[in-house]
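First the structure, in the form of C-alpha cells, and then the observations on it.
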Amino acid sequence: MSDRRSVWARLTATTAPGATVWIRLFVGAVFLSEGIQKFLFPDRLGIGRFDKAGIPAGGLFATLDGVAEIACGVAILAGFLTRLAAIPMVIDMLGALFITKVPILWGASPLFFKEAGWWDFAHEARVDVAQLCGTVFLLIVGAGRYSIDARLHAAVPAGAHADALVQGRSL
C-alpha cells in the first residue's frame, strides 16, 4: 500500500461513537462563528483586538486566524479531515489562552484591564478551555461515525489495514 493511502487512512480513522457529532457540531460552530466575527467586527474581535492585545502584525495574524477558524470550523462541522483541522485549532486556543487570558491571573491583560486573579481568569477563559478540550478530544478520537471521515475511511481497501498492521503501523 502506498504511504499516501496509509496517511489518508490514519487521518480519517475514527473509533468514536456517533454521539461525537455533538462535540464536533459545538466545536465547529464556535470556530466558524468566531472566524466570521473577526471580519464582521474587526475593531472589537479582529485586527483591533489583536492590536490591543499587543500581538505584532495584528492585522496579518487576525486575518490568518479568522480564515483558519472559518476553514477549520467548516471541516470540523462536516467531519472532513477532522484530526488535521484540529491541529491548528489547538494551537489557536493555546495562543488565545496564553496571550489574552493567562495575564489576567496577575492583572496584566491589556484586554481585561479591570480583571485580575483566579476567578476572573476562570470566567474569561471558560470558552477557550472548553474549545481546547473539545478540539483535543476530536484530535484523539476522530470525527465519529456520522462524518465524512468515517465514509472516506470505509472506502480505504481492506488490504490497506492489513498492510499497515504487517508493517507495524496502526490506521
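Identifiers for the C-alpha cells are assigned positionally: chains receive A, B, ... in sequence, residues are indexed from 1 per chain, and ligands are indexed from 1 in the order shown.
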
| said: List as a list in words the protein and nucleic acid residues near Met93 of chain A, meaning an atom at most 12 Å away when only C-alpha atoms are counted, but skip any in the same chain fewer than 4 places from it. | reply: Val27, Val30, Phe31, Glu34, Asp65, Ala68, Glu69, Ala86, Ile87, Pro88, Met89, Leu97, Phe98, Ile99, Thr100, Lys101, Ala125, Arg126, Val127, Asp128, Val129, Ala130, Gln131, Leu132, Cys133, Gly134, Thr135 and Val136 of chain A

| query | Which residues come within 7 Å of Gly142 of chain A, counting only C-alpha atoms, excluding same-chain residues fewer than 5 positions away, as a PyMOL selection string? | reply | chain A and resi 13-14+16+82-83

| What does the distance between atom CA of Pro56 of chain A and atom CA of Ile76 of chain A come to in Å, to one decimal place? | 28.6 Å

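A straight line drawn from atom CA of Leu77 of chain A to atom CA of Arg24 of chain A is 5.8 Å long.
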
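Residue neighbourhood of Ile104 of chain A, excluding near-sequence residues (fewer than 2 positions): Thr100, Lys101, Val102, Trp106, Gly107, Ala108, Ser109, Phe112, Phe113, Glu115, Ala116, Gly117, Trp118, Asp120 and Phe121 of chain A, at 8 Å, using only C-alpha atoms.
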
Take the selection from the previous step and output its residues with N, CA and C atoms, as a compact mmCIF listing (two decimals), in the first residue's frame.
# COMPACT_ATOMS: atom_id res chain seq x y z
N THR A 100 -4.08 36.14 25.81
CA THR A 100 -5.14 37.04 26.28
C THR A 100 -5.72 36.69 27.63
N LYS A 101 -5.61 35.46 28.10
CA LYS A 101 -6.28 35.08 29.34
C LYS A 101 -5.33 34.88 30.52
N VAL A 102 -4.20 34.23 30.33
CA VAL A 102 -3.26 33.99 31.44
C VAL A 102 -2.81 35.29 32.10
N TRP A 106 -2.37 37.80 36.89
CA TRP A 106 -1.59 38.80 37.63
C TRP A 106 -2.01 40.23 37.30
N GLY A 107 -3.19 40.37 36.69
CA GLY A 107 -3.76 41.69 36.44
C GLY A 107 -3.06 42.49 35.37
N ALA A 108 -2.49 41.81 34.38
CA ALA A 108 -1.72 42.50 33.35
C ALA A 108 -2.28 42.28 31.94
N SER A 109 -3.55 41.98 31.82
CA SER A 109 -4.13 41.75 30.49
C SER A 109 -4.58 43.06 29.87
N PHE A 112 -8.43 42.86 29.35
CA PHE A 112 -9.29 42.77 30.53
C PHE A 112 -8.63 43.54 31.67
N PHE A 113 -8.48 44.83 31.51
CA PHE A 113 -7.69 45.63 32.44
C PHE A 113 -8.32 45.80 33.82
N GLU A 115 -9.76 43.28 35.41
CA GLU A 115 -9.88 41.94 35.97
C GLU A 115 -8.51 41.40 36.38
N ALA A 116 -8.49 40.69 37.50
CA ALA A 116 -7.25 40.11 38.00
C ALA A 116 -7.57 38.94 38.91
N GLY A 117 -6.71 37.95 38.89
CA GLY A 117 -6.84 36.82 39.80
C GLY A 117 -7.50 35.60 39.17
N TRP A 118 -7.55 34.55 39.98
CA TRP A 118 -8.03 33.25 39.52
C TRP A 118 -9.47 33.28 39.02
N ASP A 120 -11.44 35.71 37.96
CA ASP A 120 -11.63 36.45 36.71
C ASP A 120 -11.05 35.66 35.53
N PHE A 121 -9.88 35.06 35.76
CA PHE A 121 -9.28 34.21 34.72
C PHE A 121 -10.22 33.05 34.37

| request: Might you pull out every residue within 12 Å of Pro17 of chain A, with only C-alpha atoms counted and same-chain residues fewer than 2 positions away left off, and present them as a list in words? | output: Thr14, Thr15, Ala19, Thr20, Val21, Trp22, Ile23, Arg24, Leu138, Val141, Gly142, Ala143, Gly144, Arg145, Tyr146, Ser147 and Ala150 of chain A

| When DSSP works through the backbone of this structure, what residues of chain A end up as alpha helix (DSSP H), shown as a PyMOL selection string? | chain A and resi 3-12+20-40+42-45+47-52+58-78+82-96+118-141+148-154+158-166

| message | I'd like the neighbourhood of Val74 of chain A as a VMD selection string, where a residue qualifies if any of its atoms comes within 8 Å (using only C-alpha atoms), though same-chain residues fewer than 4 positions away should be ignored. | response | chain A and resid 28 to 29 32 70 78

| Computed interatomic separation between atom CA of Asp43 of chain A and atom CA of Val90 of chain A (Å) | 24.4 Å

| field | Distance query Gly54 of chain A at most 12 Å, only C-alpha atoms, self and fewer than 2 positions along chain excluded, as number ranges by chain | value | A: 47-52, 56-59, 61-62, 99-100, 108-111

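Each of A:Ala71, A:Leu25, A:Leu105, A:Leu139 was compared to Glu124 of chain A using only C-alpha atoms, and A:Leu105 turns out to be the nearest.
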
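Between Gly73 of chain A and the candidates A:Ile140, A:Ile91, A:Ile36, A:Val7, the tightest atom-to-atom separation, counting only C-alpha atoms, involves A:Ile36.
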
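In this comparison, which uses only C-alpha atoms, the residue of A:Trp8, A:Phe26, A:Phe80, A:Phe137 approaching Asp149 of chain A most closely is A:Phe80.
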